[in-house]
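Raw upload_4.pdb, PDB, C-alpha atoms:
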```
ATOM      1  CA  MET A   1      20.248  -4.796  79.477
ATOM      2  CA  LYS A   2      18.863  -4.755  82.982
ATOM      3  CA  GLU A   3      16.405  -7.381  84.228
ATOM      4  CA  LEU A   4      12.997  -6.848  82.678
ATOM      5  CA  PRO A   5       9.875  -6.557  84.844
ATOM      6  CA  PHE A   6       7.602  -9.608  84.905
ATOM      7  CA  GLU A   7       4.740  -7.856  83.111
ATOM      8  CA  LEU A   8       6.975  -6.773  80.251
ATOM      9  CA  LYS A   9       8.504 -10.237  79.899
ATOM     10  CA  ARG A  10       5.044 -11.793  79.830
ATOM     11  CA  MET A  11       3.948  -9.354  77.120
ATOM     12  CA  LEU A  12       7.025 -10.074  75.035
ATOM     13  CA  ASP A  13       6.451 -13.817  75.375
ATOM     14  CA  ALA A  14       2.807 -13.412  74.326
ATOM     15  CA  LEU A  15       3.933 -11.568  71.183
ATOM     16  CA  GLY A  16       6.488 -14.257  70.337
ATOM     17  CA  ALA A  17       9.420 -11.869  70.696
ATOM     18  CA  LYS A  18      12.805 -13.186  69.533
ATOM     19  CA  GLU A  19      16.226 -12.740  71.122
ATOM     20  CA  ASN A  20      19.592 -11.906  69.542
ATOM     21  CA  VAL A  21      18.158 -11.210  66.093
ATOM     22  CA  PRO A  22      20.547 -10.119  63.281
ATOM     23  CA  MET A  23      19.205  -6.788  62.039
ATOM     24  CA  ALA A  24      20.737  -7.068  58.560
ATOM     25  CA  GLN A  25      17.611  -8.973  57.523
ATOM     26  CA  TYR A  26      15.395  -6.084  58.684
ATOM     27  CA  THR A  27      17.163  -3.147  57.007
ATOM     28  CA  SER A  28      17.343  -2.150  53.353
ATOM     29  CA  PHE A  29      21.134  -1.659  53.643
ATOM     30  CA  LYS A  30      21.422  -5.362  54.612
ATOM     31  CA  THR A  31      23.913  -4.466  57.333
ATOM     32  CA  GLY A  32      23.934  -4.233  61.129
ATOM     33  CA  GLY A  33      24.530  -6.378  64.194
ATOM     34  CA  SER A  34      22.049  -8.202  66.396
ATOM     35  CA  VAL A  35      19.402  -6.721  68.649
ATOM     36  CA  ARG A  36      18.807  -8.186  72.111
ATOM     37  CA  ILE A  37      15.015  -8.455  71.661
ATOM     38  CA  LEU A  38      12.811  -7.998  68.579
ATOM     39  CA  ALA A  39       9.051  -7.756  69.102
ATOM     40  CA  GLU A  40       6.333  -7.394  66.457
ATOM     41  CA  PRO A  41       2.946  -6.351  67.871
ATOM     42  CA  ASP A  42      -0.159  -7.391  65.965
ATOM     43  CA  THR A  43      -2.836  -4.927  67.158
ATOM     44  CA  ALA A  44      -3.157  -1.300  68.192
ATOM     45  CA  GLU A  45      -3.895  -2.381  71.771
ATOM     46  CA  HIS A  46      -0.819  -4.606  71.958
ATOM     47  CA  THR A  47       1.344  -1.836  70.520
ATOM     48  CA  ALA A  48       0.134   0.724  73.046
ATOM     49  CA  GLU A  49       0.489  -1.660  75.992
ATOM     50  CA  LEU A  50       3.936  -2.868  74.918
ATOM     51  CA  MET A  51       5.202   0.696  74.582
ATOM     52  CA  ARG A  52       3.711   1.611  77.965
ATOM     53  CA  LEU A  53       5.503  -1.290  79.657
ATOM     54  CA  ILE A  54       8.807  -0.612  77.903
ATOM     55  CA  GLU A  55       8.743   3.085  78.807
ATOM     56  CA  ALA A  56       7.737   2.339  82.408
ATOM     57  CA  ALA A  57      10.696  -0.057  82.686
ATOM     58  CA  GLY A  58      13.089   2.572  81.337
ATOM     59  CA  VAL A  59      14.568   0.118  78.849
ATOM     60  CA  GLU A  60      16.420   1.342  75.772
ATOM     61  CA  HIS A  61      14.184   0.788  72.774
ATOM     62  CA  TYR A  62      13.638   1.666  69.137
ATOM     63  CA  VAL A  63      10.623   1.510  66.842
ATOM     64  CA  ILE A  64      11.139   0.583  63.193
ATOM     65  CA  GLY A  65       9.104  -0.253  60.104
ATOM     66  CA  ASN A  66      10.755  -1.748  57.008
ATOM     67  CA  GLY A  67      14.158  -0.381  58.026
ATOM     68  CA  THR A  68      14.453   1.561  54.771
ATOM     69  CA  ASN A  69      15.886   4.693  56.364
ATOM     70  CA  LEU A  70      18.155   3.123  58.980
ATOM     71  CA  LEU A  71      21.818   2.356  59.503
ATOM     72  CA  ILE A  72      22.255   0.042  62.482
ATOM     73  CA  SER A  73      25.637  -0.361  64.149
ATOM     74  CA  ASP A  74      27.633  -3.534  63.478
ATOM     75  CA  LYS A  75      27.942  -3.802  67.260
ATOM     76  CA  GLY A  76      24.208  -4.378  67.473
ATOM     77  CA  LEU A  77      21.738  -2.931  69.953
ATOM     78  CA  ASP A  78      21.399  -3.918  73.593
ATOM     79  CA  ALA A  79      17.788  -2.873  73.400
ATOM     80  CA  ILE A  80      14.245  -3.835  72.506
ATOM     81  CA  VAL A  81      13.320  -3.151  68.891
ATOM     82  CA  VAL A  82       9.598  -2.895  68.221
ATOM     83  CA  ARG A  83       8.899  -3.589  64.563
ATOM     84  CA  ILE A  84       5.608  -2.457  63.061
ATOM     85  CA  GLY A  85       5.368  -4.736  60.055
ATOM     86  CA  GLU A  86       3.337  -7.398  58.290
ATOM     87  CA  LYS A  87       1.197  -8.169  61.337
ATOM     88  CA  MET A  88      -0.307  -4.670  61.084
ATOM     89  CA  ALA A  89      -0.592  -4.302  57.321
ATOM     90  CA  ASN A  90      -4.332  -4.203  56.612
ATOM     91  CA  VAL A  91      -5.518  -1.961  53.746
ATOM     92  CA  GLU A  92      -9.215  -1.220  53.214
ATOM     93  CA  ARG A  93     -11.243   1.114  51.029
ATOM     94  CA  SER A  94     -14.494   2.985  51.551
ATOM     95  CA  GLY A  95     -15.383   5.210  48.618
ATOM     96  CA  ARG A  96     -12.528   7.677  48.130
ATOM     97  CA  THR A  97     -11.037   6.848  51.531
ATOM     98  CA  ILE A  98      -8.305   4.283  52.158
ATOM     99  CA  VAL A  99      -7.416   3.088  55.640
ATOM    100  CA  ALA A 100      -3.995   1.442  55.920
ATOM    101  CA  GLY A 101      -2.234  -0.175  58.851
ATOM    102  CA  ALA A 102       1.134   1.314  59.769
ATOM    103  CA  GLY A 103       2.926  -1.870  58.743
ATOM    104  CA  ALA A 104       1.498  -1.892  55.221
ATOM    105  CA  SER A 105       3.857  -1.310  52.316
ATOM    106  CA  TYR A 106       3.439   2.294  51.187
ATOM    107  CA  ALA A 107       4.240   1.363  47.591
ATOM    108  CA  ALA A 108       1.715  -1.486  47.586
ATOM    109  CA  THR A 109      -0.924   0.787  49.147
ATOM    110  CA  ALA A 110      -0.312   3.404  46.460
ATOM    111  CA  LYS A 111      -0.551   0.827  43.670
ATOM    112  CA  GLN A 112      -3.745  -0.575  45.165
ATOM    113  CA  SER A 113      -5.271   2.899  45.312
ATOM    114  CA  VAL A 114      -4.712   3.305  41.562
ATOM    115  CA  GLN A 115      -6.230  -0.121  40.908
ATOM    116  CA  TRP A 116      -9.275   1.042  42.877
ATOM    117  CA  GLY A 117      -9.668   3.988  40.497
ATOM    118  CA  LEU A 118      -8.294   6.667  42.817
ATOM    119  CA  MET A 119      -5.529   9.246  42.529
ATOM    120  CA  GLY A 120      -3.410  11.179  44.984
ATOM    121  CA  LEU A 121      -0.856   8.524  45.972
ATOM    122  CA  GLU A 122       0.453   7.397  42.579
ATOM    123  CA  TRP A 123       3.747   9.246  43.214
ATOM    124  CA  ALA A 124       4.390   6.899  46.181
ATOM    125  CA  ALA A 125       4.267   3.650  44.190
ATOM    126  CA  GLY A 126       8.054   3.298  44.310
ATOM    127  CA  ILE A 127       8.692   4.292  47.937
ATOM    128  CA  PRO A 128      10.061   1.234  49.784
ATOM    129  CA  GLY A 129       8.970   1.972  53.377
ATOM    130  CA  THR A 130       5.816   1.395  55.371
ATOM    131  CA  VAL A 131       2.751   3.590  55.736
ATOM    132  CA  GLY A 132       3.744   4.316  59.346
ATOM    133  CA  GLY A 133       7.225   5.383  58.335
ATOM    134  CA  ALA A 134       5.854   7.553  55.544
ATOM    135  CA  VAL A 135       3.494   9.328  57.945
ATOM    136  CA  ALA A 136       6.198   9.735  60.597
ATOM    137  CA  MET A 137       8.609  11.427  58.178
ATOM    138  CA  ASN A 138       6.090  12.940  55.747
ATOM    139  CA  ALA A 139       7.645  11.019  52.881
ATOM    140  CA  GLY A 140       7.475  12.620  49.471
ATOM    141  CA  ALA A 141       8.601  12.321  45.859
ATOM    142  CA  TYR A 142       7.936  13.866  42.450
ATOM    143  CA  GLY A 143       6.133  16.846  43.933
ATOM    144  CA  GLY A 144       3.829  14.801  46.153
ATOM    145  CA  GLU A 145       3.974  14.374  49.912
ATOM    146  CA  THR A 146       2.161  12.193  52.406
ATOM    147  CA  ALA A 147       0.516  15.019  54.351
ATOM    148  CA  ALA A 148      -1.400  16.189  51.276
ATOM    149  CA  ALA A 149      -3.608  13.085  51.222
ATOM    150  CA  LEU A 150      -3.709  12.346  54.970
ATOM    151  CA  LYS A 151      -7.080  12.691  56.672
ATOM    152  CA  THR A 152      -6.636  11.059  60.087
ATOM    153  CA  VAL A 153      -3.857   9.306  61.973
ATOM    154  CA  THR A 154      -4.280   6.770  64.750
ATOM    155  CA  TYR A 155      -1.274   6.506  67.053
ATOM    156  CA  ALA A 156      -0.146   5.172  70.422
ATOM    157  CA  GLU A 157       1.169   7.594  73.031
ATOM    158  CA  ASN A 158       1.705   7.046  76.759
ATOM    159  CA  GLY A 159      -0.224   3.777  76.632
ATOM    160  CA  ALA A 160      -3.271   5.362  74.985
ATOM    161  CA  ILE A 161      -4.599   4.950  71.443
ATOM    162  CA  ILE A 162      -5.509   8.286  69.883
ATOM    163  CA  LYS A 163      -7.175   9.041  66.555
ATOM    164  CA  GLU A 164      -7.156  12.592  65.297
ATOM    165  CA  THR A 165      -7.756  14.627  62.162
ATOM    166  CA  VAL A 166      -4.412  15.850  60.934
ATOM    167  CA  ASP A 167      -3.351  19.472  60.955
ATOM    168  CA  LYS A 168      -1.559  19.783  57.633
ATOM    169  CA  THR A 169       0.199  22.965  58.741
ATOM    170  CA  ALA A 170       2.076  20.897  61.353
ATOM    171  CA  PHE A 171       3.960  19.003  58.628
ATOM    172  CA  GLY A 172       7.126  20.084  56.863
ATOM    173  CA  HIS A 173       9.762  18.670  54.545
ATOM    174  CA  ARG A 174      10.419  15.214  56.041
ATOM    175  CA  LEU A 175       8.825  16.453  59.250
ATOM    176  CA  SER A 176       5.684  15.243  60.986
ATOM    177  CA  PRO A 177       4.021  15.490  64.400
ATOM    178  CA  TYR A 178       3.859  11.674  64.443
ATOM    179  CA  CYS A 179       7.495  10.831  65.037
ATOM    180  CA  VAL A 180       8.845   7.968  67.113
ATOM    181  CA  PRO A 181       9.474   7.353  69.910
ATOM    182  CA  GLU A 182       6.862   9.689  71.428
ATOM    183  CA  ARG A 183       4.085   8.708  69.010
ATOM    184  CA  ILE A 184       3.808   5.366  67.261
ATOM    185  CA  VAL A 185       1.647   5.419  64.143
ATOM    186  CA  ILE A 186      -0.934   2.615  64.155
ATOM    187  CA  GLU A 187      -3.113   3.462  61.182
ATOM    188  CA  ALA A 188      -3.520   6.186  58.564
ATOM    189  CA  GLU A 189      -6.584   7.310  56.665
ATOM    190  CA  PHE A 190      -6.058   8.848  53.231
ATOM    191  CA  GLU A 191      -8.661  10.946  51.453
ATOM    192  CA  LEU A 192      -8.142  10.629  47.699
ATOM    193  CA  ASN A 193      -9.872  11.722  44.507
ATOM    194  CA  ASP A 194     -11.429   9.824  41.640
ATOM    195  CA  ASP A 195      -8.914   8.989  38.948
ATOM    196  CA  ASP A 196      -8.817  11.627  36.215
ATOM    197  CA  GLY A 197      -7.821   8.897  33.785
ATOM    198  CA  GLY A 198      -4.097   9.511  34.084
ATOM    199  CA  ALA A 199      -3.140   7.993  37.456
ATOM    200  CA  TYR A 200      -1.798   4.716  36.058
ATOM    201  CA  GLU A 201       0.221   6.509  33.398
ATOM    202  CA  ARG A 202       1.718   8.885  35.961
ATOM    203  CA  MET A 203       2.553   6.003  38.313
ATOM    204  CA  THR A 204       4.230   4.100  35.478
ATOM    205  CA  ASP A 205       6.223   7.184  34.479
ATOM    206  CA  TYR A 206       7.395   7.847  38.046
ATOM    207  CA  ASN A 207       8.554   4.248  38.437
ATOM    208  CA  LYS A 208      10.330   4.323  35.063
ATOM    209  CA  ARG A 209      12.179   7.482  36.084
ATOM    210  CA  ARG A 210      13.068   5.906  39.412
ATOM    211  CA  ARG A 211      14.516   2.810  37.722
ATOM    212  CA  GLU A 212      16.534   4.927  35.286
ATOM    213  CA  LYS A 213      17.938   7.406  37.788
ATOM    214  CA  GLN A 214      18.217   5.496  41.070
ATOM    215  CA  PRO A 215      20.361   2.444  41.933
ATOM    216  CA  ILE A 216      17.407   0.298  43.014
ATOM    217  CA  SER A 217      19.232  -2.954  42.183
ATOM    218  CA  TYR A 218      21.604  -2.438  45.146
ATOM    219  CA  PRO A 219      20.785  -2.383  48.871
ATOM    220  CA  SER A 220      20.594   1.221  50.079
ATOM    221  CA  ALA A 221      18.587   3.554  52.291
ATOM    222  CA  GLY A 222      17.501   5.842  49.467
ATOM    223  CA  SER A 223      18.748   9.411  49.584
ATOM    224  CA  ILE A 224      21.389   9.545  52.292
ATOM    225  CA  PHE A 225      21.428  13.317  52.735
ATOM    226  CA  LYS A 226      18.791  15.982  53.206
ATOM    227  CA  ARG A 227      18.558  18.541  50.452
ATOM    228  CA  PRO A 228      20.545  21.626  51.496
ATOM    229  CA  GLU A 229      18.692  24.865  50.911
ATOM    230  CA  GLY A 230      19.426  26.121  47.432
ATOM    231  CA  TYR A 231      21.245  22.949  46.362
ATOM    232  CA  PHE A 232      20.776  19.304  45.427
ATOM    233  CA  ALA A 233      22.827  16.905  47.550
ATOM    234  CA  GLY A 234      23.528  14.570  44.643
ATOM    235  CA  ALA A 235      24.836  17.415  42.471
ATOM    236  CA  LEU A 236      27.143  18.669  45.226
ATOM    237  CA  ILE A 237      28.549  15.172  45.729
ATOM    238  CA  GLU A 238      29.075  14.675  41.994
ATOM    239  CA  GLN A 239      30.730  18.090  41.631
ATOM    240  CA  ALA A 240      33.154  17.103  44.391
ATOM    241  CA  GLY A 241      34.209  14.151  42.213
ATOM    242  CA  LEU A 242      32.890  11.512  44.576
ATOM    243  CA  LYS A 243      30.786   9.305  42.275
ATOM    244  CA  GLY A 244      32.048   5.738  42.592
ATOM    245  CA  THR A 245      34.081   6.448  45.740
ATOM    246  CA  ARG A 246      34.261   3.322  47.920
ATOM    247  CA  ILE A 247      35.101   2.373  51.460
ATOM    248  CA  GLY A 248      34.972  -1.384  51.877
ATOM    249  CA  GLY A 249      31.743  -2.575  50.292
ATOM    250  CA  ALA A 250      30.029   0.815  50.513
ATOM    251  CA  GLU A 251      29.978   2.961  47.378
ATOM    252  CA  VAL A 252      28.725   6.371  46.295
ATOM    253  CA  SER A 253      26.414   5.281  43.489
ATOM    254  CA  THR A 254      27.702   5.826  39.967
ATOM    255  CA  LEU A 255      24.080   6.251  38.849
ATOM    256  CA  HIS A 256      22.960   8.819  41.445
ATOM    257  CA  ALA A 257      25.530  10.422  43.732
ATOM    258  CA  GLY A 258      22.891  11.102  46.401
ATOM    259  CA  PHE A 259      22.782   7.373  47.154
ATOM    260  CA  ILE A 260      25.285   5.258  49.030
ATOM    261  CA  VAL A 261      24.848   1.579  48.165
ATOM    262  CA  ASN A 262      25.975  -1.736  49.549
ATOM    263  CA  ALA A 263      27.922  -2.827  46.478
ATOM    264  CA  GLY A 264      28.734  -6.157  48.110
ATOM    265  CA  GLY A 265      29.761  -7.170  51.602
ATOM    266  CA  ALA A 266      29.506  -3.701  53.120
ATOM    267  CA  THR A 267      29.357  -3.225  56.863
ATOM    268  CA  SER A 268      27.515  -0.441  58.614
ATOM    269  CA  ARG A 269      30.911   0.977  59.537
ATOM    270  CA  ASP A 270      31.848   1.142  55.840
ATOM    271  CA  VAL A 271      28.685   3.119  55.125
ATOM    272  CA  TYR A 272      29.197   5.386  58.134
ATOM    273  CA  GLU A 273      32.798   6.206  57.184
ATOM    274  CA  LEU A 274      31.779   6.903  53.582
ATOM    275  CA  ILE A 275      29.034   9.258  54.800
ATOM    276  CA  ARG A 276      31.585  11.184  56.863
ATOM    277  CA  LEU A 277      34.051  11.293  53.945
ATOM    278  CA  VAL A 278      31.380  12.660  51.604
ATOM    279  CA  GLN A 279      30.394  15.322  54.135
ATOM    280  CA  GLN A 280      34.023  16.378  54.555
ATOM    281  CA  LYS A 281      34.819  16.515  50.829
ATOM    282  CA  VAL A 282      31.616  18.382  49.919
ATOM    283  CA  LYS A 283      32.289  20.910  52.685
ATOM    284  CA  GLU A 284      35.806  21.454  51.357
ATOM    285  CA  HIS A 285      34.640  21.748  47.748
ATOM    286  CA  SER A 286      31.495  23.881  48.013
ATOM    287  CA  GLY A 287      31.216  24.984  51.620
ATOM    288  CA  ALA A 288      27.842  23.206  51.950
ATOM    289  CA  GLN A 289      27.164  21.129  55.045
ATOM    290  CA  LEU A 290      25.307  17.916  54.218
ATOM    291  CA  GLU A 291      23.028  16.532  56.922
ATOM    292  CA  THR A 292      22.048  12.886  56.935
ATOM    293  CA  GLU A 293      18.494  11.854  56.192
ATOM    294  CA  VAL A 294      19.196   8.256  57.194
ATOM    295  CA  LYS A 295      18.917   7.550  60.943
ATOM    296  CA  LEU A 296      21.850   6.025  62.786
ATOM    297  CA  LEU A 297      21.056   3.527  65.557
ATOM    298  CA  GLY A 298      23.688   2.294  67.990
ATOM    299  CA  GLU A 299      27.349   3.036  68.532
ATOM    300  CA  PHE A 300      29.572   3.949  65.590
TER     301      PHE A 300
END
```
Would you mind writing the structure in this file as structure tokens?
Amino acid sequence: MKELPFELKRMLDALGAKENVPMAQYTSFKTGGSVRILAEPDTAEHTAELMRLIEAAGVEHYVIGNGTNLLISDKGLDAIVVRIGEKMANVERSGRTIVAGAGASYAATAKQSVQWGLMGLEWAAGIPGTVGGAVAMNAGAYGGETAAALKTVTYAENGAIIKETVDKTAFGHRLSPYCVPERIVIEAEFELNDDDGGAYERMTDYNKRRREKQPISYPSAGSIFKRPEGYFAGALIEQAGLKGTRIGGAEVSTLHAGFIVNAGGATSRDVYELIRLVQQKVKEHSGAQLETEVKLLGEF
């Protein structure tokens, strides 16, 4: 990494940024090498200013939340990683509206909304990422999606902090107008409804189904592949006979073929090679081309 400008270094020091941080502790796969600098801003203003300085310096950088949809190279990243996490995790309620910081746990926010007697997010009570990540990728499950309950989004762009009412037509399946690195979600406002009396029961049912059908006891990044049109990725992988297939410590889950898990001691390279093998075998078997949902950072 090239020499950083004085202003950027001063900002990083003020935020208590750390150097040479192993990223395995910040990803749900529990793999990955070290990043040169890890910074965790604590306010909207600090986030916007930090991003402005990084972009002005032309330094390679990445923005992450809980690292639940990431595979980071074992070689690490000669870059600045900006993590939006616990320091920006406030959750507040006003009537039927909930305002959540981008670093808040999406699952915890959903559970809290049900405890407050509201419905509209109960489907999200098992999603492992942050609110910011959920907004950025329009996370969804069990027929629900983030955009449906979103009212406003506050984000940082070009050094400015912008709050706007969302245009729901701008969202798609795992698509959002609030994607990094151009826009960094700071806060999200959800407009919910009064509980019809069944929110807790639905939330409990969704989580029971998740425990029964997904390998949540192993480190993973959730569904590895996007759903191909007209198919289910997990079914295609299972039909190709790939359940239980391993490379190193990475394994195609025997519980749900759409998941690749760290079954013990996996490296990012193991996961990457298993992803490529699955894509090749599924293509040969069914002709379908699987695209990854997980994001790859660094050199593989």
- prompt: Using the chain letters and numbers from the file, which residues does the PyMOL selection byres ((chain A and resi 189) around 12) grab, as a ChimeraX atom specification?
  reply: /A:90-94,96-102,109,131-132,135,146-155,163-166,185-188,190-192
message: As a check of understanding, name the residues that the PyMOL selection byres ((chain A and resi 69-71) around 6) selects in the supplied structure, as number ranges by chain.
response: A: 67-68, 72, 221, 294-296
- request: Would you mind reading off the distance between atom CA of Ala104 of chain A and atom CA of Pro128 of chain A, one decimal, in Å?
  value: 10.6 Å
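Pairwise distance (atom CA of Lys168 of chain A, atom CA of Gly258 of chain A) equals 28.3 Å.
The closest residue to Gly264 of chain A, picked from A:Arg276, A:Asn207, A:Gly143, A:Arg246 and counting all atoms listed in the file, is A:Arg246.
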- prompt: Quick one: which residues end up in the PyMOL selection byres ((chain A and resi 227-241) around 9) for this structure, as a PyMOL selection string?
  reply: chain A and resi 223-226+242-245+252+256-259+278-279+281-282+284-286+288-291+293
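Selecting by distance to (23.5, -5.7, 72.3) with a limit of 6 Å and using all atoms listed in the file, one obtains Val35, Arg36, Gly76, Leu77 and Asp78 of chain A.
Between atom CA of Asn20 of chain A and atom CA of Leu38 of chain A the separation is 7.9 Å.
Nearest residue to Glu182 of chain A among A:Pro215, A:Gly198, A:Gly126, A:Gly159 is A:Gly159, counting only C-alpha atoms.
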query: In terms of the shortest atom-to-atom distance over all atoms listed in the file, which of A:Met11, A:Leu4, A:Cys179, A:Ala39 is closest to Gly58 of chain A?
result: A:Leu4
- request: Write out as an NGL selection string which residues come within 9 Å of Gly117 of chain A when counting all atoms listed in the file, dropping same-chain ones fewer than 2 positions away.
  value: :A and (96 or 112-115 or 119 or 193-197 or 199)
Is it possible to get the axis-aligned box enclosing segment 38-52 of chain A (all listed atoms, 3 Å extra per side) as lines of an AutoDock Vina configuration file, with centre and edge lengths in Å rounded to one decimal?
```
center_x = 4.5
center_y = -3.2
center_z = 72.0
size_x = 22.7
size_y = 15.6
size_z = 18.0
```
message: Here is a test: counting only C-alpha atoms, which residue of A:His61, A:Lys87, A:Lys2, A:Lys75 is nearest to His46 of chain A?
response: A:Lys87
If I only want segment 219-242 of chain A, can you write it with N, CA and C atoms, as a PDB file, in the first residue's frame?
```pdb
ATOM      1  N   PRO A 219     -19.616 -23.072  10.351  1.00  0.00           N
ATOM      2  CA  PRO A 219     -19.347 -21.776   9.714  1.00  0.00           C
ATOM      3  C   PRO A 219     -19.646 -21.843   8.216  1.00  0.00           C
ATOM      4  N   SER A 220     -20.392 -20.857   7.728  1.00  0.00           N
ATOM      5  CA  SER A 220     -20.698 -20.798   6.293  1.00  0.00           C
ATOM      6  C   SER A 220     -21.056 -19.363   5.942  1.00  0.00           C
ATOM      7  N   ALA A 221     -21.372 -19.143   4.678  1.00  0.00           N
ATOM      8  CA  ALA A 221     -21.820 -17.819   4.237  1.00  0.00           C
ATOM      9  C   ALA A 221     -23.253 -17.906   3.737  1.00  0.00           C
ATOM     10  N   GLY A 222     -24.021 -18.847   4.297  1.00  0.00           N
ATOM     11  CA  GLY A 222     -25.396 -19.018   3.833  1.00  0.00           C
ATOM     12  C   GLY A 222     -25.422 -19.625   2.439  1.00  0.00           C
ATOM     13  N   SER A 223     -26.423 -19.304   1.684  1.00  0.00           N
ATOM     14  CA  SER A 223     -26.539 -19.831   0.320  1.00  0.00           C
ATOM     15  C   SER A 223     -25.381 -19.302  -0.530  1.00  0.00           C
ATOM     16  N   ILE A 224     -24.626 -20.205  -1.079  1.00  0.00           N
ATOM     17  CA  ILE A 224     -23.440 -19.827  -1.853  1.00  0.00           C
ATOM     18  C   ILE A 224     -23.807 -19.306  -3.236  1.00  0.00           C
ATOM     19  N   PHE A 225     -24.870 -19.871  -3.823  1.00  0.00           N
ATOM     20  CA  PHE A 225     -25.207 -19.549  -5.203  1.00  0.00           C
ATOM     21  C   PHE A 225     -26.550 -18.835  -5.318  1.00  0.00           C
ATOM     22  N   LYS A 226     -26.647 -17.964  -6.296  1.00  0.00           N
ATOM     23  CA  LYS A 226     -27.922 -17.335  -6.619  1.00  0.00           C
ATOM     24  C   LYS A 226     -28.852 -18.400  -7.192  1.00  0.00           C
ATOM     25  N   ARG A 227     -30.129 -18.148  -7.057  1.00  0.00           N
ATOM     26  CA  ARG A 227     -31.104 -19.096  -7.603  1.00  0.00           C
ATOM     27  C   ARG A 227     -31.213 -18.898  -9.106  1.00  0.00           C
ATOM     28  N   PRO A 228     -30.859 -19.922  -9.900  1.00  0.00           N
ATOM     29  CA  PRO A 228     -30.994 -19.790 -11.352  1.00  0.00           C
ATOM     30  C   PRO A 228     -32.481 -19.753 -11.729  1.00  0.00           C
ATOM     31  N   GLU A 229     -32.792 -19.001 -12.736  1.00  0.00           N
ATOM     32  CA  GLU A 229     -34.196 -18.876 -13.136  1.00  0.00           C
ATOM     33  C   GLU A 229     -34.778 -20.238 -13.500  1.00  0.00           C
ATOM     34  N   GLY A 230     -35.871 -20.568 -12.829  1.00  0.00           N
ATOM     35  CA  GLY A 230     -36.535 -21.834 -13.111  1.00  0.00           C
ATOM     36  C   GLY A 230     -36.000 -23.016 -12.337  1.00  0.00           C
ATOM     37  N   TYR A 231     -34.998 -22.792 -11.482  1.00  0.00           N
ATOM     38  CA  TYR A 231     -34.381 -23.880 -10.725  1.00  0.00           C
ATOM     39  C   TYR A 231     -34.156 -23.461  -9.270  1.00  0.00           C
ATOM     40  N   PHE A 232     -33.761 -24.452  -8.458  1.00  0.00           N
ATOM     41  CA  PHE A 232     -33.232 -24.195  -7.125  1.00  0.00           C
ATOM     42  C   PHE A 232     -31.789 -24.670  -7.133  1.00  0.00           C
ATOM     43  N   ALA A 233     -30.875 -23.818  -6.690  1.00  0.00           N
ATOM     44  CA  ALA A 233     -29.449 -24.176  -6.721  1.00  0.00           C
ATOM     45  C   ALA A 233     -29.177 -25.447  -5.929  1.00  0.00           C
ATOM     46  N   GLY A 234     -29.752 -25.537  -4.727  1.00  0.00           N
ATOM     47  CA  GLY A 234     -29.509 -26.707  -3.896  1.00  0.00           C
ATOM     48  C   GLY A 234     -29.938 -28.002  -4.563  1.00  0.00           C
ATOM     49  N   ALA A 235     -31.092 -27.965  -5.247  1.00  0.00           N
ATOM     50  CA  ALA A 235     -31.594 -29.163  -5.931  1.00  0.00           C
ATOM     51  C   ALA A 235     -30.669 -29.567  -7.073  1.00  0.00           C
ATOM     52  N   LEU A 236     -30.188 -28.593  -7.826  1.00  0.00           N
ATOM     53  CA  LEU A 236     -29.273 -28.889  -8.935  1.00  0.00           C
ATOM     54  C   LEU A 236     -27.984 -29.525  -8.426  1.00  0.00           C
ATOM     55  N   ILE A 237     -27.487 -29.020  -7.306  1.00  0.00           N
ATOM     56  CA  ILE A 237     -26.241 -29.540  -6.733  1.00  0.00           C
ATOM     57  C   ILE A 237     -26.451 -30.969  -6.221  1.00  0.00           C
ATOM     58  N   GLU A 238     -27.596 -31.178  -5.577  1.00  0.00           N
ATOM     59  CA  GLU A 238     -27.902 -32.526  -5.059  1.00  0.00           C
ATOM     60  C   GLU A 238     -28.094 -33.507  -6.205  1.00  0.00           C
ATOM     61  N   GLN A 239     -28.786 -33.090  -7.258  1.00  0.00           N
ATOM     62  CA  GLN A 239     -29.009 -33.966  -8.411  1.00  0.00           C
ATOM     63  C   GLN A 239     -27.704 -34.342  -9.115  1.00  0.00           C
ATOM     64  N   ALA A 240     -26.702 -33.472  -8.986  1.00  0.00           N
ATOM     65  CA  ALA A 240     -25.395 -33.771  -9.581  1.00  0.00           C
ATOM     66  C   ALA A 240     -24.557 -34.675  -8.680  1.00  0.00           C
ATOM     67  N   GLY A 241     -25.155 -35.103  -7.548  1.00  0.00           N
ATOM     68  CA  GLY A 241     -24.474 -36.045  -6.657  1.00  0.00           C
ATOM     69  C   GLY A 241     -23.365 -35.428  -5.826  1.00  0.00           C
ATOM     70  N   LEU A 242     -23.500 -34.157  -5.499  1.00  0.00           N
ATOM     71  CA  LEU A 242     -22.394 -33.448  -4.865  1.00  0.00           C
ATOM     72  C   LEU A 242     -22.535 -33.255  -3.357  1.00  0.00           C
TER      73      LEU A 242
END
```
